[in-house]
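Report on the following structure.
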Amino acid sequence: MKIETPVVAGTLESSDVMITLEPGTGGGIEIDLNSTVEKQFGCAIKKVIVETLTELGVTDTKVTAVDRGALDCTLRARLKTAVFRAAGQEGSLCQED
């Protein structure tokens, strides 16, 4: 998917993450991470971001993640929501069997 427009998903509440996606500049996936647990889990958070975007076919975007201790499932949900908003997709995020 191509990121068409800047979007935000999530909040700055405890145990959540605010994800901002912007169209890329041709440099691949750029990540700017600000996390309360960055020293302990920064590499793991970035890995989840890259894996999730790759699964969705996103290859060029700037990601700003402001993390307040979100679990991986929350991080993935916020990323998926942001990607679908940025790509102009509507409807369910669930995959049909």
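By order of appearance in the structure tokens: chains A, B, ..., then residues from 1 within every chain, and ligands from 1 in the order shown.
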
I'd like to know which residues of chain A are helix (DSSP H, G or I) (by DSSP, run on the backbone); could you write them as a PyMOL selection string? chain A and resi 38-55+72-86

Applying 7 Å and only C-alpha atoms, which residues near stretch 64-70 of chain A remain after dropping the ones on its own chain fewer than 2 positions away? List them as a PDB file with C-alpha atoms, in the first residue's frame.
```
ATOM      1  CA  LEU A  12      -0.719   9.435  24.459  1.00  0.00           C
ATOM      2  CA  GLU A  13      -2.448   7.550  27.266  1.00  0.00           C
ATOM      3  CA  SER A  14      -0.515   5.053  29.360  1.00  0.00           C
ATOM      4  CA  SER A  15      -0.123   1.662  27.635  1.00  0.00           C
ATOM      5  CA  ASP A  16      -0.895   3.159  24.213  1.00  0.00           C
ATOM      6  CA  VAL A  17       1.103   4.479  21.276  1.00  0.00           C
ATOM      7  CA  MET A  18       0.498   7.416  18.944  1.00  0.00           C
ATOM      8  CA  ILE A  19       1.529   6.597  15.385  1.00  0.00           C
ATOM      9  CA  THR A  20       2.007   9.273  12.743  1.00  0.00           C
ATOM     10  CA  LEU A  21       2.568   8.164   9.151  1.00  0.00           C
ATOM     11  CA  ILE A  31      11.311   5.418  12.071  1.00  0.00           C
ATOM     12  CA  ASP A  32      11.433   8.140  14.700  1.00  0.00           C
ATOM     13  CA  LEU A  33      10.743   6.458  18.055  1.00  0.00           C
ATOM     14  CA  ASN A  34      10.094   8.216  21.348  1.00  0.00           C
ATOM     15  CA  SER A  35       9.309   5.661  24.047  1.00  0.00           C
ATOM     16  CA  THR A  36       9.241   5.496  27.822  1.00  0.00           C
ATOM     17  CA  VAL A  37      10.771   2.016  27.468  1.00  0.00           C
ATOM     18  CA  LYS A  62       8.118   8.101   7.648  1.00  0.00           C
ATOM     19  CA  ASP A  72       2.866  -5.460  20.553  1.00  0.00           C
ATOM     20  CA  THR A  74      -1.664  -2.484  20.399  1.00  0.00           C
ATOM     21  CA  LEU A  75       1.280  -1.283  18.324  1.00  0.00           C
TER      22      LEU A  75
END
```

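Residues with any atom within 12 Å of A:Phe84, counting only C-alpha atoms and excluding same-chain neighbours fewer than 4 positions away, are Met1, Lys2, Ile3, Glu4, Thr5, Pro6, Val7, Val8, Ala9, Leu21, Leu53, Leu56, Gly57, Val58, Ala77, Arg78, Leu79, Lys80, Gly88, Gln89, Glu90, Gly91, Ser92, Leu93 and Cys94 of chain A.
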
Would you mind exporting N, CA and C atoms of the selected residues as a compact mmCIF listing (two decimals), in the first residue's frame?
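The resulting out_28.txt:
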```txt
# COMPACT_ATOMS: atom_id res chain seq x y z
N MET A 1 0.84 -1.18 0.00
CA MET A 1 0.00 0.00 0.00
C MET A 1 0.88 1.24 0.00
N LYS A 2 0.37 2.26 -0.62
CA LYS A 2 1.09 3.52 -0.67
C LYS A 2 0.48 4.51 0.32
N ILE A 3 1.33 5.16 1.08
CA ILE A 3 0.88 6.17 2.03
C ILE A 3 0.64 7.45 1.24
N GLU A 4 -0.63 7.85 1.17
CA GLU A 4 -1.03 9.00 0.34
C GLU A 4 -1.05 10.32 1.11
N THR A 5 -1.40 10.25 2.39
CA THR A 5 -1.62 11.46 3.17
C THR A 5 -1.14 11.25 4.60
N PRO A 6 -0.70 12.30 5.29
CA PRO A 6 -0.30 12.15 6.70
C PRO A 6 -1.51 11.80 7.56
N VAL A 7 -1.31 10.88 8.50
CA VAL A 7 -2.38 10.47 9.41
C VAL A 7 -1.83 10.20 10.79
N VAL A 8 -2.74 10.18 11.77
CA VAL A 8 -2.39 9.86 13.15
C VAL A 8 -3.38 8.80 13.65
N ALA A 9 -2.86 7.84 14.42
CA ALA A 9 -3.71 6.84 15.07
C ALA A 9 -3.16 6.61 16.47
N LEU A 21 1.99 8.61 10.41
CA LEU A 21 2.57 8.16 9.15
C LEU A 21 2.53 9.32 8.18
N LEU A 53 4.49 -3.09 8.78
CA LEU A 53 4.42 -2.33 7.54
C LEU A 53 4.75 -3.20 6.33
N LEU A 56 1.90 -5.32 5.28
CA LEU A 56 0.86 -4.55 4.61
C LEU A 56 1.33 -4.00 3.26
N GLY A 57 2.56 -4.29 2.89
CA GLY A 57 3.07 -3.85 1.59
C GLY A 57 3.53 -2.41 1.55
N VAL A 58 3.80 -1.83 2.71
CA VAL A 58 4.28 -0.45 2.77
C VAL A 58 5.81 -0.49 2.73
N ALA A 77 -2.08 -2.87 15.95
CA ALA A 77 -3.42 -2.35 15.65
C ALA A 77 -3.36 -0.88 15.26
N ARG A 78 -2.58 -0.10 15.97
CA ARG A 78 -2.45 1.33 15.65
C ARG A 78 -1.80 1.51 14.29
N LEU A 79 -0.77 0.72 13.99
CA LEU A 79 -0.10 0.81 12.68
C LEU A 79 -1.06 0.45 11.55
N LYS A 80 -1.79 -0.64 11.71
CA LYS A 80 -2.73 -1.05 10.67
C LYS A 80 -3.79 0.02 10.44
N GLY A 88 -6.29 5.52 2.21
CA GLY A 88 -7.65 5.78 1.78
C GLY A 88 -8.54 4.56 1.74
N GLN A 89 -8.17 3.52 2.48
CA GLN A 89 -8.96 2.28 2.52
C GLN A 89 -10.08 2.44 3.53
N GLU A 90 -11.24 1.90 3.20
CA GLU A 90 -12.37 1.92 4.13
C GLU A 90 -12.85 0.51 4.36
N GLY A 91 -13.58 0.31 5.43
CA GLY A 91 -14.14 -1.00 5.71
C GLY A 91 -13.36 -1.73 6.79
N SER A 92 -13.61 -3.00 6.89
CA SER A 92 -13.02 -3.83 7.95
C SER A 92 -11.55 -4.11 7.69
N LEU A 93 -10.77 -4.17 8.76
CA LEU A 93 -9.37 -4.54 8.67
C LEU A 93 -9.19 -6.05 8.76
N CYS A 94 -10.28 -6.76 9.09
CA CYS A 94 -10.20 -8.22 9.23
C CYS A 94 -10.11 -8.87 7.86
```

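For chain A, the set of residues given strand (DSSP E or B) by DSSP on the backbone reads Val7, Val8, Ala9, Val17, Met18, Ile19, Thr20, Leu21, Glu22, Pro23, Ile29, Glu30, Ile31, Asp32, Leu33, Asn34, Ser35, Thr61, Lys62, Val63, Thr64, Ala65, Val66 and Asp67 of chain A.
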
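The nearest approach to A:Pro23 among the residues A:Asp60, A:Val83, A:Gln40, A:Arg76, with only C-alpha atoms taken into account, belongs to A:Asp60.
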
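Between atom CA of A:Lys46 and atom CA of A:Arg85 the separation is 20.7 Å.
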
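Closest to A:Val48 among A:Gly24, A:Gly10, A:Ala86, A:Leu71 is A:Leu71, based on only C-alpha atoms.
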